[in-house]
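S.K.: Data: start05.txt, compact mmCIF, C-alpha atoms.
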```txt
# COMPACT_ATOMS: atom_id res chain seq x y z
CA MET A 35 0.00 0.00 0.00
CA CYS A 36 1.22 3.51 -0.84
CA ASN A 37 0.04 7.05 -0.29
CA TYR A 38 -0.63 9.51 -3.08
CA ASN A 39 -2.04 12.92 -2.24
CA ARG A 40 -2.59 11.54 1.27
CA GLN A 41 -4.91 8.84 -0.09
CA LYS A 42 -4.21 5.14 0.15
CA VAL A 43 -3.66 3.50 -3.21
CA LEU A 44 -2.35 0.11 -4.27
CA LYS A 45 1.28 -0.06 -5.37
CA THR A 46 0.29 -0.68 -9.00
CA GLU A 47 -1.85 2.47 -8.98
CA TYR A 48 0.97 4.40 -7.34
CA VAL A 49 3.40 3.31 -10.06
CA THR A 50 0.92 4.34 -12.77
CA LEU A 51 0.46 7.79 -11.20
CA LYS A 52 4.23 8.22 -10.98
CA ASP A 53 4.54 7.22 -14.65
CA ILE A 54 1.87 9.79 -15.51
CA GLU A 55 3.94 12.40 -13.64
CA LYS A 56 6.85 11.62 -15.96
CA ASP A 57 4.59 11.79 -19.01
CA ILE A 58 3.31 15.19 -17.87
CA LYS A 59 6.86 16.48 -17.56
CA LYS A 60 7.63 15.23 -21.08
CA TYR A 61 4.40 16.86 -22.27
CA LYS A 62 5.40 20.16 -20.66
CA LEU A 63 8.78 19.87 -22.36
CA ASP A 64 7.04 19.48 -25.72
CA GLN A 65 4.94 22.54 -24.97
CA ALA A 66 7.85 24.62 -23.72
CA LYS A 67 8.78 27.86 -25.42
CA PRO A 68 11.07 27.35 -28.40
CA ILE A 69 14.05 29.27 -27.06
CA ASN A 70 15.74 29.38 -23.68
CA ASN A 71 17.96 32.42 -23.57
CA GLY A 72 20.62 31.69 -20.99
CA PHE A 73 20.81 35.28 -19.83
CA ASP A 74 17.15 35.14 -18.79
CA TYR A 75 18.25 32.63 -16.14
CA ALA A 76 14.97 30.89 -16.77
CA PRO A 77 14.10 27.29 -15.85
CA ILE A 78 15.11 24.52 -18.23
CA PHE A 79 14.28 20.82 -18.22
CA VAL A 80 16.85 18.59 -16.60
CA ILE A 81 17.11 14.86 -15.96
CA LYS A 82 18.60 13.96 -12.61
CA PRO A 83 18.94 10.56 -11.00
CA ASN A 84 16.88 9.66 -7.97
CA TYR A 85 18.57 9.05 -4.64
CA SER A 86 19.36 5.38 -5.28
CA LYS A 87 20.44 6.13 -8.87
CA ASN A 88 18.24 3.41 -10.36
CA ASP A 89 15.73 5.77 -11.97
CA TYR A 90 15.52 9.44 -12.90
CA ASP A 91 13.25 12.44 -12.59
CA ILE A 92 12.63 15.20 -15.11
CA VAL A 93 12.74 18.47 -13.22
CA GLU A 94 13.03 22.16 -13.97
CA MET A 95 16.19 23.95 -12.85
CA GLU A 96 17.35 27.52 -13.15
CA TRP A 97 19.97 27.72 -15.89
CA GLY A 98 22.98 29.50 -14.40
CA TYR A 99 24.81 27.67 -11.60
CA LEU A 100 24.77 29.46 -8.26
CA PRO A 101 27.40 28.39 -5.70
CA ASN A 102 26.34 28.24 -2.08
CA TYR A 103 28.46 31.21 -1.04
CA VAL A 104 26.02 33.44 -2.96
CA SER A 105 23.71 34.25 -0.08
CA ASP A 106 20.56 35.70 -1.63
CA ARG A 107 18.91 36.95 -4.82
CA ASP A 108 20.50 40.39 -4.60
CA ARG A 109 23.95 38.82 -4.30
CA ALA A 110 23.05 36.41 -7.13
CA LYS A 111 22.30 39.37 -9.39
CA GLU A 112 25.67 40.91 -8.51
CA PHE A 113 27.40 37.56 -8.95
CA ARG A 114 25.99 37.21 -12.45
CA ASN A 115 26.00 40.79 -13.70
CA GLY A 116 28.89 42.35 -11.81
CA TYR A 117 28.81 45.27 -9.42
CA LYS A 118 30.65 48.37 -8.29
CA LYS A 119 32.73 47.74 -5.20
CA PRO A 120 32.90 50.22 -2.28
CA ASP A 121 36.34 51.39 -3.46
CA GLY A 122 34.84 52.39 -6.82
CA SER A 123 36.39 49.56 -8.82
CA TYR A 124 34.19 47.22 -10.79
CA GLN A 125 33.79 43.52 -10.07
CA GLN A 126 33.03 41.63 -13.28
CA GLY A 127 30.07 39.27 -13.27
CA ILE A 128 30.63 35.53 -13.49
CA THR A 129 28.77 33.62 -16.20
CA THR A 130 27.98 30.11 -15.08
CA LEU A 131 25.70 29.05 -17.91
CA ASN A 132 28.51 26.77 -19.09
CA ALA A 133 31.32 24.86 -17.42
CA ARG A 134 34.43 23.71 -19.28
CA GLY A 135 34.55 19.91 -19.19
CA GLU A 136 38.36 19.86 -19.08
CA GLU A 137 38.38 21.97 -15.90
CA LEU A 138 35.38 20.65 -13.97
CA LEU A 139 37.51 18.89 -11.38
CA SER A 140 40.46 21.23 -11.36
CA ILE A 141 42.23 22.25 -8.17
CA ASP A 142 44.52 25.26 -8.24
CA PRO A 143 48.00 23.81 -7.49
CA LYS A 144 49.14 27.03 -5.79
CA THR A 145 46.17 27.80 -3.56
CA GLY A 146 44.62 24.34 -3.31
CA ARG A 147 41.26 25.91 -4.12
CA GLU A 148 38.79 23.73 -5.98
CA LYS A 149 36.95 24.85 -9.09
CA MET A 150 33.41 26.00 -8.41
CA PHE A 151 31.96 22.96 -10.16
CA ARG A 152 34.17 20.25 -8.67
CA ASP A 153 31.84 19.05 -5.91
CA ALA A 154 28.86 19.07 -8.28
CA ALA A 155 30.81 17.17 -10.94
CA LEU A 156 31.72 14.52 -8.37
CA ASN A 157 28.29 14.27 -6.76
CA ARG A 158 25.52 16.00 -8.75
CA ARG A 159 25.71 15.20 -12.43
CA CYS A 160 22.65 15.61 -14.61
CA LEU A 161 21.48 15.87 -18.20
CA VAL A 162 19.97 18.89 -19.89
CA LEU A 163 17.31 17.99 -22.42
CA SER A 164 17.55 19.82 -25.71
CA THR A 165 16.11 19.82 -29.18
CA GLY A 166 18.93 22.00 -30.52
CA PHE A 167 20.93 25.08 -29.73
CA PHE A 168 21.85 28.41 -31.26
CA ASP A 169 25.32 29.72 -31.92
CA TRP A 170 26.87 32.53 -33.92
CA ARG A 171 29.41 32.26 -36.67
CA HIS A 172 31.72 35.24 -36.92
CA VAL A 173 32.65 36.29 -40.45
CA TYR A 174 35.18 39.06 -41.03
CA ARG A 175 34.60 40.94 -44.24
CA ARG A 176 37.62 42.44 -45.95
CA ASN A 177 38.29 46.11 -46.40
CA LYS A 178 37.59 46.84 -50.06
CA LYS A 179 40.63 49.08 -50.41
CA THR A 180 43.27 47.30 -48.35
CA GLY A 181 41.99 43.75 -48.51
CA GLU A 182 42.60 43.43 -44.77
CA PRO A 183 39.93 41.77 -42.62
CA LEU A 184 37.68 44.24 -40.80
CA LYS A 185 38.02 44.40 -37.02
CA THR A 186 34.34 43.84 -36.38
CA ALA A 187 32.81 40.55 -37.40
CA ASP A 188 29.40 40.02 -38.98
CA LYS A 189 27.55 37.51 -36.84
CA TYR A 190 25.30 34.90 -38.40
CA PRO A 191 23.04 32.78 -36.20
CA TYR A 192 22.87 29.03 -36.68
CA PHE A 193 20.53 26.42 -35.32
CA VAL A 194 22.41 23.24 -34.51
CA SER A 195 20.65 19.93 -33.92
CA LEU A 196 21.15 16.20 -34.30
CA LYS A 197 20.12 14.31 -37.42
CA ASP A 198 17.22 11.90 -36.88
CA GLN A 199 17.01 12.71 -33.17
CA GLU A 200 14.34 15.03 -31.85
CA TYR A 201 15.81 15.29 -28.34
CA PHE A 202 19.29 14.82 -27.07
CA PHE A 203 21.23 15.02 -23.82
CA MET A 204 23.83 17.56 -22.81
CA ALA A 205 26.00 16.87 -19.79
CA GLY A 206 25.30 19.15 -16.83
CA VAL A 207 26.06 19.56 -13.16
CA TRP A 208 23.65 21.08 -10.67
CA ASN A 209 23.54 22.65 -7.26
CA PRO A 210 20.74 23.09 -4.72
CA TRP A 211 20.62 26.74 -3.70
CA THR A 212 18.72 28.54 -0.96
CA ASP A 213 18.14 32.27 -0.69
CA ARG A 214 19.10 32.85 2.93
CA LYS A 215 16.91 35.97 3.12
CA SER A 216 13.65 34.69 1.64
CA GLY A 217 14.07 30.95 2.13
CA GLU A 218 13.46 30.36 -1.59
CA HIS A 219 14.96 27.01 -2.55
CA ILE A 220 15.84 26.17 -6.13
CA GLU A 221 18.14 23.96 -8.11
CA THR A 222 20.57 25.60 -10.54
CA VAL A 223 22.42 23.98 -13.41
CA THR A 224 25.29 24.58 -15.79
CA ILE A 225 25.83 22.92 -19.15
CA VAL A 226 29.21 21.26 -19.68
CA THR A 227 31.14 22.20 -22.79
CA THR A 228 33.99 20.65 -24.71
CA GLU A 229 36.25 21.54 -27.61
CA ALA A 230 34.31 22.05 -30.82
CA ASN A 231 34.21 19.27 -33.41
CA LYS A 232 34.75 20.01 -37.07
CA LEU A 233 31.24 21.30 -37.64
CA MET A 234 31.05 23.40 -34.48
CA SER A 235 34.55 24.85 -34.97
CA GLN A 236 33.14 26.51 -38.08
CA VAL A 237 29.84 27.59 -36.54
CA HIS A 238 31.04 28.72 -33.12
CA ASN A 239 34.35 29.91 -34.56
CA ALA A 240 34.79 32.71 -32.02
CA LYS A 241 35.15 30.36 -29.07
CA ASN A 242 35.68 26.95 -30.67
CA ARG A 243 33.48 25.28 -28.04
CA MET A 244 30.35 23.13 -28.09
CA PRO A 245 28.07 21.54 -25.51
CA THR A 246 29.05 18.06 -24.37
CA ILE A 247 26.40 15.99 -26.12
CA LEU A 248 26.06 12.43 -24.86
CA ASP A 249 24.52 9.40 -26.53
CA SER A 250 22.10 7.41 -24.38
CA ASN A 251 24.74 5.02 -23.01
CA LEU A 252 27.10 7.78 -21.94
CA ALA A 253 24.16 9.82 -20.63
CA TRP A 254 23.07 6.99 -18.35
CA GLU A 255 26.66 6.44 -17.19
CA TRP A 256 27.05 10.19 -16.54
CA ILE A 257 24.10 10.39 -14.16
CA THR A 258 24.12 6.95 -12.53
CA GLY A 259 27.69 5.71 -12.69
CA ASP A 260 30.08 5.60 -9.75
CA LEU A 261 32.76 7.32 -11.79
CA SER A 262 36.44 7.96 -11.21
CA GLU A 263 37.71 11.49 -11.72
CA GLN A 264 39.40 10.35 -14.92
CA ARG A 265 36.14 8.93 -16.27
CA ILE A 266 34.19 12.08 -15.33
CA THR A 267 36.64 14.16 -17.35
CA GLU A 268 36.57 11.69 -20.24
CA ILE A 269 32.79 11.88 -20.50
CA ALA A 270 32.71 15.64 -19.85
CA THR A 271 35.02 16.20 -22.81
CA THR A 272 33.23 13.84 -25.19
CA GLN A 273 33.08 15.34 -28.63
CA TYR A 274 29.94 14.32 -30.46
CA ASP A 275 30.43 13.10 -34.04
CA THR A 276 30.25 15.81 -36.69
CA GLU A 277 28.46 13.50 -39.09
CA LYS A 278 25.57 13.03 -36.67
CA MET A 279 24.98 16.78 -36.39
CA GLN A 280 23.48 19.37 -38.66
CA ALA A 281 23.53 23.15 -38.73
CA CYS A 282 21.65 25.76 -40.70
CA THR A 283 21.60 29.52 -40.76
CA ILE A 284 18.48 31.17 -39.38
CA MET A 285 17.03 34.67 -39.33
CA GLN A 286 18.82 37.37 -37.34
CA ASP A 287 15.67 38.08 -35.36
CA PHE A 288 15.07 34.43 -34.50
CA ARG A 289 14.76 35.23 -30.80
CA THR A 290 11.46 36.95 -31.34
CA SER A 291 10.22 34.55 -34.00
CA GLU A 292 7.56 32.00 -33.19
CA GLU A 293 9.46 29.53 -35.36
CA PRO A 294 13.09 30.36 -34.66
CA THR A 295 14.61 27.29 -36.27
CA ILE A 296 13.38 27.84 -39.82
CA PRO A 297 16.39 27.95 -42.18
CA PHE A 298 17.29 31.28 -43.71
CA ILE A 299 19.89 31.61 -46.45
CA TYR A 300 22.36 34.49 -46.44
CA PRO A 301 23.66 34.85 -50.03
CA GLU A 302 26.89 36.48 -48.86
CA MET A 303 27.61 33.73 -46.36
CA PRO A 304 30.53 31.42 -47.15
CA PRO A 305 29.35 27.81 -46.92
CA LEU A 306 30.44 25.46 -44.14
CA ASP A 307 33.12 22.97 -45.04
CA GLN A 308 31.04 19.85 -45.41
CA THR A 309 33.82 17.33 -45.67
CA ILE A 310 34.38 15.07 -42.72
CA ALA A 311 37.93 14.06 -41.98
CA ASN A 312 38.68 10.42 -42.91
CA GLU A 313 35.18 9.98 -44.28
CA THR A 314 34.41 9.13 -47.88
CA PRO A 315 32.26 10.34 -49.42
CA PRO A 316 31.81 13.57 -47.47
CA ALA A 317 28.49 13.86 -45.70
CA GLN A 318 26.06 16.48 -46.93
CA LEU A 319 25.05 18.88 -44.20
CA SER A 320 21.32 19.08 -44.01
CA LEU A 321 19.80 22.48 -44.48
CA PHE A 322 16.37 21.12 -43.49
CA MET B 249 -16.41 6.66 -18.38
CA ALA B 250 -14.60 7.00 -21.69
CA PHE B 251 -13.64 10.54 -22.53
CA THR B 252 -13.22 11.13 -26.22
CA ALA B 253 -13.88 14.85 -26.60
CA ASP B 254 -11.47 17.41 -27.89
CA ASP B 255 -10.61 20.51 -25.85
CA PHE B 256 -13.54 22.16 -24.12
CA GLU B 257 -14.28 24.96 -21.70
CA ILE B 258 -16.29 25.13 -18.51
CA ASP B 259 -17.19 28.00 -16.23
CA HIS B 260 -15.91 27.35 -12.70
CA PHE B 261 -17.23 29.97 -10.28
CA GLY B 262 -16.83 32.67 -12.93
CA VAL B 263 -13.38 31.53 -14.05
CA ILE B 264 -13.23 30.03 -17.53
CA LEU B 265 -11.30 26.78 -17.56
CA HIS B 266 -9.85 25.63 -20.84
CA ILE B 267 -9.49 21.88 -20.61
CA LYS B 268 -7.25 19.71 -22.74
CA VAL B 269 -7.84 15.98 -22.87
CA LEU B 270 -4.63 13.92 -22.85
CA GLU B 271 -3.95 10.20 -22.91
CA MET B 272 -1.11 9.02 -20.68
CA GLN B 273 -0.34 5.49 -19.46
CA GLU B 274 -3.69 4.43 -20.96
CA ARG B 275 -5.42 6.91 -18.67
CA THR B 276 -7.30 10.10 -19.44
CA VAL B 277 -5.51 13.08 -17.96
CA PHE B 278 -7.02 16.56 -18.01
CA ARG B 279 -4.86 19.64 -18.28
CA ILE B 280 -6.75 22.56 -16.75
CA ILE B 281 -5.71 25.98 -18.02
CA PHE B 282 -7.12 28.82 -15.93
CA SER B 283 -8.16 32.19 -17.30
CA ASP B 284 -7.11 33.95 -14.08
CA PHE B 285 -3.37 33.21 -14.15
CA GLN B 286 -3.44 30.29 -11.71
CA ASP B 287 -0.89 27.63 -12.58
CA ASP B 288 -2.09 24.84 -14.85
CA LEU B 289 -3.45 21.79 -13.08
CA PHE B 290 -3.25 18.18 -14.27
CA ILE B 291 -5.84 15.82 -12.87
CA THR B 292 -6.82 12.22 -13.42
CA ARG B 293 -9.15 9.75 -11.80
CA ALA B 294 -7.28 7.26 -9.65
CA THR B 295 -8.51 4.15 -7.89
CA LEU B 296 -8.06 4.06 -4.13
CA SER B 297 -7.17 0.94 -2.23
CA ASP B 298 -10.85 0.45 -1.27
CA GLY B 299 -11.84 0.50 -4.95
CA LYS B 300 -13.37 3.99 -4.90
CA ARG B 301 -12.59 6.39 -7.74
CA TYR B 302 -10.99 9.66 -6.73
CA TRP B 303 -9.81 12.76 -8.62
CA MET B 304 -6.11 13.30 -8.10
CA THR B 305 -3.70 16.09 -8.92
CA VAL B 306 -0.68 14.81 -10.77
CA PRO B 307 2.04 15.43 -9.67
CA GLU B 308 0.91 15.29 -6.04
CA ASP B 309 -0.25 18.63 -4.69
CA PRO B 310 -2.39 18.21 -1.56
CA LYS B 311 -3.01 21.98 -1.50
CA ARG B 312 -4.92 21.74 -4.78
CA GLN B 313 -6.68 18.44 -4.12
CA THR B 314 -9.96 20.14 -3.21
CA GLN B 315 -9.80 22.12 -6.42
CA ALA B 316 -9.09 18.92 -8.36
CA ILE B 317 -12.15 17.23 -6.90
CA GLU B 318 -14.40 20.22 -7.63
CA ILE B 319 -13.22 20.56 -11.21
CA GLY B 320 -13.34 16.80 -11.69
CA ARG B 321 -17.02 16.81 -10.74
CA GLU B 322 -17.68 19.58 -13.26
CA ILE B 323 -15.87 17.63 -15.98
CA VAL B 324 -18.10 14.63 -15.25
CA ALA B 325 -21.16 16.90 -15.37
CA TYR B 326 -19.97 18.35 -18.67
CA PHE B 327 -19.68 14.92 -20.25
CA LYS B 328 -23.08 13.85 -18.92
CA VAL B 329 -24.64 16.88 -20.60
CA GLN B 330 -22.76 16.22 -23.83
CA LYS B 331 -23.99 12.63 -23.82
CA ASN B 332 -27.59 13.80 -23.77
CA VAL B 333 -27.20 16.52 -26.41
```
Will you turn the file into structure tokens for me?
M.R.:
Amino acid sequence: MCNYNRQKVLKTEYVTLKDIEKDIKKYKLDQAKPINNGFDYAPIFVIKPNYSKNDYDIVEMEWGYLPNYVSDRDRAKEFRNGYKKPDGSYQQGITTLNARGEELLSIDPKTGREKMFRDAALNRRCLVLSTGFFDWRHVYRRNKKTGEPLKTADKYPYFVSLKDQEYFFMAGVWNPWTDRKSGEHIETVTIVTTEANKLMSQVHNAKNRMPTILDSNLAWEWITGDLSEQRITEIATTQYDTEKMQACTIMQDFRTSEEPTIPFIYPEMPPLDQTIANETPPAQLSLF
Amino acid sequence: MAFTADDFEIDHFGVILHIKVLEMQERTVFRIIFSDFQDDLFITRATLSDGKRYWMTVPEDPKRQTQAIEIGREIVAYFKVQKNV
């Protein structure tokens, strides 16, 4: 016998209701708004293992990891956006939307201080559910007279997704956070990144990074495995195969579009290199 | 009771409820969308250990159980009316 909403139900009924809960979360994910802008620090859907690590829950977490030393919402705003210190100097904000996979577990050899994400990477790994992500390609036009590249790049937005896969998993680590003034309790999350693969090095050419995308086996291992530090770093730096990904240019004002992922061709845009190293014949990048 | 209708609306104490009919785990689940900015509510009819049928909020939310039962009754009334139309 189990309790659900303080009513006694048989175990089979309880299991069905719990399964419906999961279906509702998936349904909400389907209905979610098409774009999550990281700098909104809005909730995103995250898969985290249950306590015994034999099942998982789909939950919403605030995107933008908050460490526990950030005491309240006012301090969180300063932490993220920066603030003017009493001596007049400016403290830069810290962006924790992403965490570099190579450095998750780092400890400063001089000070012995751990990276902000170390404890979470060891103990609170999760998966961020995604249908695709947006990145900008920087293209430097040349000065017509001198032929030199201009200093300011033209930025072209791309929508990047996986071929034949509606949803996919990105590695994440999370932290429970409590506002010590209001008592508000939330969970915050950061998305792990790795070095860009051949496709993403062309799209996100300013930073040469990409999210750590995991196939279902690695995803399960990431959230449920009892992993060594070496294995955590190996998975955190997994580079998803270029040939399983696709990218297309989209409209500049995609953020305000109801259908932000619709392809848009820029005639002046140099095409992506579609050849895959050591692959014959080269795969054709889908433009939807 | 087999619910087969598409979306419908009912008036609940002056608040219009837009109701979506969903199928999950071979059960009918109702998504209640309120016109007064209350959070959406998902309800389904569960079977208690004594065999009685009982409207439940899913996920569990004891604070909204009374609301679930009230709206559940109105959904049943709605379908009874539709059956006789």
S.K.: Choose the residue, out of A:Ala281, A:Val93, A:Ala155, A:Ile128, that has the smallest atom-to-atom separation from Arg109 in chain A; count only C-alpha atoms.
M.R.: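 Distance minimum relative to Arg109 in chain A lands on A:Ile128.
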S.K.: Give the answer as one residue: which of B:Gln330, B:Pro310, B:Leu296, B:Ile319 has the shortest atom-to-atom distance to Leu265 in chain B, using only C-alpha atoms?
M.R.: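 Ranked by minimum distance to Leu265 in chain B, first place goes to B:Ile319.
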S.K.: Enumerate, in order of chain and increasing residue number, the residues of chain A with an atom no farther than 12 Å from chain B, each with its shortest atom pair and distance in Å to one decimal, counting all atoms listed in the file, as a Markdown table.
M.R.:
```
| residue | atom | partner | partner_atom | distance |
| --- | --- | --- | --- | --- |
| A:Met35 | CA | B:Ser297 | CA | 7.6 |
| A:Cys36 | CA | B:Ser297 | CA | 8.9 |
| A:Asn37 | CA | B:Leu296 | CA | 9.4 |
| A:Tyr38 | CA | B:Glu308 | CA | 6.7 |
| A:Asn39 | CA | B:Pro310 | CA | 5.3 |
| A:Arg40 | CA | B:Pro310 | CA | 7.2 |
| A:Gln41 | CA | B:Leu296 | CA | 7.0 |
| A:Lys42 | CA | B:Ser297 | CA | 5.7 |
| A:Val43 | CA | B:Ser297 | CA | 4.5 |
| A:Leu44 | CA | B:Ser297 | CA | 5.3 |
| A:Lys45 | CA | B:Ser297 | CA | 9.1 |
| A:Thr46 | CA | B:Thr295 | CA | 10.1 |
| A:Glu47 | CA | B:Thr295 | CA | 7.0 |
| A:Tyr48 | CA | B:Ala294 | CA | 9.0 |
| A:Val49 | CA | B:Gln273 | CA | 10.3 |
| A:Thr50 | CA | B:Gln273 | CA | 6.9 |
| A:Leu51 | CA | B:Val306 | CA | 7.1 |
| A:Lys52 | CA | B:Pro307 | CA | 7.6 |
| A:Asp53 | CA | B:Gln273 | CA | 7.1 |
| A:Ile54 | CA | B:Met272 | CA | 6.0 |
| A:Glu55 | CA | B:Pro307 | CA | 5.3 |
| A:Lys56 | CA | B:Pro307 | CA | 8.8 |
| A:Asp57 | CA | B:Met272 | CA | 6.6 |
| A:Ile58 | CA | B:Phe290 | CA | 8.1 |
| A:Lys59 | CA | B:Pro307 | CA | 9.3 |
| A:Lys60 | CA | B:Met272 | CA | 10.7 |
| A:Tyr61 | CA | B:Leu270 | CA | 9.5 |
| A:Lys62 | CA | B:Arg279 | CA | 10.5 |
| A:Asp91 | CA | B:Pro307 | CA | 12.0 |
| A:Ile92 | CA | B:Pro307 | CA | 11.9 |
| A:Val93 | CA | B:Pro307 | CA | 11.7 |
```
S.K.: Do you know which residues are at most 6 Å from range 226-235 of chain A counting all atoms listed in the file, after dropping those on the same chain fewer than 5 positions away, and could you put them as a PyMOL selection string?
M.R.: chain A and resi 132-135+205-206+242-246+271+276
S.K.: Separation of CA of Phe298 in chain A and CA of Tyr190 in chain A, in Å?
M.R.: 10.3 Å
S.K.: Provide the CA of Ile247 in chain A to CA of Ala270 in chain A distance in Å, to one decimal place.
M.R.: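 So the answer is 8.9 Å.
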S.K.: Quote the spacing between CA of Arg107 in chain A and CA of Lys119 in chain A in Å to one decimal place.
M.R.: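 A separation of 17.5 Å between them.
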S.K.: Find the smallest box with edges along x, y and z containing every listed atom of range 236-242 of chain A, then add 5 Å on each side and report centre and edge lengths in Å to one decimal, as lines of an AutoDock Vina configuration file.
M.R.:
```
center_x = 32.8
center_y = 29.6
center_z = -33.6
size_x = 15.8
size_y = 16.2
size_z = 19.0
```
S.K.: Set the distance at 6 Å and use all atoms listed in the file: which residues neighbour Cys160 in chain A once local chain neighbours fewer than 6 positions away are removed? I'd like the list as a PyMOL selection string.
M.R.: chain A and resi 81-82+206-207+257
S.K.: I'd like the contact shell of Phe193 in chain A - 9 Å cut-off, only C-alpha atoms, skipping same-chain residues fewer than 2 positions apart - returned as a ChimeraX atom specification.
M.R.: /A:166-170,191,195,280-284,294-297
S.K.: Which residues are near Gln125 in chain A? Cut-off 12 Å, all atoms listed in the file, ignore same chain within fewer than 5 positions. Put them as a ChimeraX atom specification.
M.R.: /A:112-120
S.K.: List every protein, DNA or RNA residue that has at least one atom no more than 7 Å from (-13.0, 22.4, -18.9) in the file's coordinates, counting only C-alpha atoms, and write the result as a VMD selection string.
M.R.: chain B and resid 256 to 258 265 to 267 280 323
S.K.: Output requested as a PDB file, keeping the file's coordinate frame - range 313-327 of chain B, filled out with N, CA, C and O atoms.
M.R.:
```pdb
ATOM      1  N   GLN B 313      -5.827  19.621  -4.000  1.00  0.00           N
ATOM      2  CA  GLN B 313      -6.680  18.440  -4.120  1.00  0.00           C
ATOM      3  C   GLN B 313      -8.176  18.804  -4.131  1.00  0.00           C
ATOM      4  O   GLN B 313      -8.946  18.265  -4.923  1.00  0.00           O
ATOM      5  N   THR B 314      -8.546  19.743  -3.254  1.00  0.00           N
ATOM      6  CA  THR B 314      -9.960  20.140  -3.210  1.00  0.00           C
ATOM      7  C   THR B 314     -10.388  20.706  -4.548  1.00  0.00           C
ATOM      8  O   THR B 314     -11.475  20.383  -5.069  1.00  0.00           O
ATOM      9  N   GLN B 315      -9.524  21.535  -5.109  1.00  0.00           N
ATOM     10  CA  GLN B 315      -9.800  22.120  -6.420  1.00  0.00           C
ATOM     11  C   GLN B 315      -9.935  21.024  -7.484  1.00  0.00           C
ATOM     12  O   GLN B 315     -10.818  21.068  -8.344  1.00  0.00           O
ATOM     13  N   ALA B 316      -9.047  20.020  -7.400  1.00  0.00           N
ATOM     14  CA  ALA B 316      -9.090  18.920  -8.360  1.00  0.00           C
ATOM     15  C   ALA B 316     -10.427  18.184  -8.287  1.00  0.00           C
ATOM     16  O   ALA B 316     -11.021  17.833  -9.313  1.00  0.00           O
ATOM     17  N   ILE B 317     -10.893  17.966  -7.076  1.00  0.00           N
ATOM     18  CA  ILE B 317     -12.150  17.230  -6.900  1.00  0.00           C
ATOM     19  C   ILE B 317     -13.321  18.056  -7.445  1.00  0.00           C
ATOM     20  O   ILE B 317     -14.193  17.533  -8.153  1.00  0.00           O
ATOM     21  N   GLU B 318     -13.328  19.346  -7.142  1.00  0.00           N
ATOM     22  CA  GLU B 318     -14.400  20.220  -7.630  1.00  0.00           C
ATOM     23  C   GLU B 318     -14.438  20.263  -9.157  1.00  0.00           C
ATOM     24  O   GLU B 318     -15.496  20.121  -9.776  1.00  0.00           O
ATOM     25  N   ILE B 319     -13.272  20.472  -9.745  1.00  0.00           N
ATOM     26  CA  ILE B 319     -13.220  20.560 -11.210  1.00  0.00           C
ATOM     27  C   ILE B 319     -13.520  19.205 -11.831  1.00  0.00           C
ATOM     28  O   ILE B 319     -14.199  19.110 -12.863  1.00  0.00           O
ATOM     29  N   GLY B 320     -13.044  18.146 -11.198  1.00  0.00           N
ATOM     30  CA  GLY B 320     -13.340  16.800 -11.690  1.00  0.00           C
ATOM     31  C   GLY B 320     -14.840  16.550 -11.778  1.00  0.00           C
ATOM     32  O   GLY B 320     -15.337  16.011 -12.774  1.00  0.00           O
ATOM     33  N   ARG B 321     -15.546  16.967 -10.731  1.00  0.00           N
ATOM     34  CA  ARG B 321     -17.020  16.810 -10.740  1.00  0.00           C
ATOM     35  C   ARG B 321     -17.635  17.579 -11.908  1.00  0.00           C
ATOM     36  O   ARG B 321     -18.557  17.092 -12.555  1.00  0.00           O
ATOM     37  N   GLU B 322     -17.123  18.769 -12.162  1.00  0.00           N
ATOM     38  CA  GLU B 322     -17.680  19.580 -13.260  1.00  0.00           C
ATOM     39  C   GLU B 322     -17.360  18.958 -14.613  1.00  0.00           C
ATOM     40  O   GLU B 322     -18.143  19.061 -15.553  1.00  0.00           O
ATOM     41  N   ILE B 323     -16.204  18.322 -14.719  1.00  0.00           N
ATOM     42  CA  ILE B 323     -15.870  17.630 -15.980  1.00  0.00           C
ATOM     43  C   ILE B 323     -16.854  16.482 -16.206  1.00  0.00           C
ATOM     44  O   ILE B 323     -17.376  16.281 -17.311  1.00  0.00           O
ATOM     45  N   VAL B 324     -17.139  15.734 -15.139  1.00  0.00           N
ATOM     46  CA  VAL B 324     -18.100  14.630 -15.250  1.00  0.00           C
ATOM     47  C   VAL B 324     -19.462  15.185 -15.666  1.00  0.00           C
ATOM     48  O   VAL B 324     -20.123  14.649 -16.576  1.00  0.00           O
ATOM     49  N   ALA B 325     -19.873  16.287 -15.033  1.00  0.00           N
ATOM     50  CA  ALA B 325     -21.160  16.900 -15.370  1.00  0.00           C
ATOM     51  C   ALA B 325     -21.172  17.343 -16.828  1.00  0.00           C
ATOM     52  O   ALA B 325     -22.173  17.159 -17.531  1.00  0.00           O
ATOM     53  N   TYR B 326     -20.058  17.891 -17.276  1.00  0.00           N
ATOM     54  CA  TYR B 326     -19.970  18.350 -18.670  1.00  0.00           C
ATOM     55  C   TYR B 326     -20.209  17.179 -19.621  1.00  0.00           C
ATOM     56  O   TYR B 326     -20.973  17.277 -20.580  1.00  0.00           O
ATOM     57  N   PHE B 327     -19.545  16.055 -19.339  1.00  0.00           N
ATOM     58  CA  PHE B 327     -19.680  14.920 -20.250  1.00  0.00           C
ATOM     59  C   PHE B 327     -21.080  14.308 -20.184  1.00  0.00           C
ATOM     60  O   PHE B 327     -21.587  13.795 -21.186  1.00  0.00           O
TER      61      PHE B 327
END
```
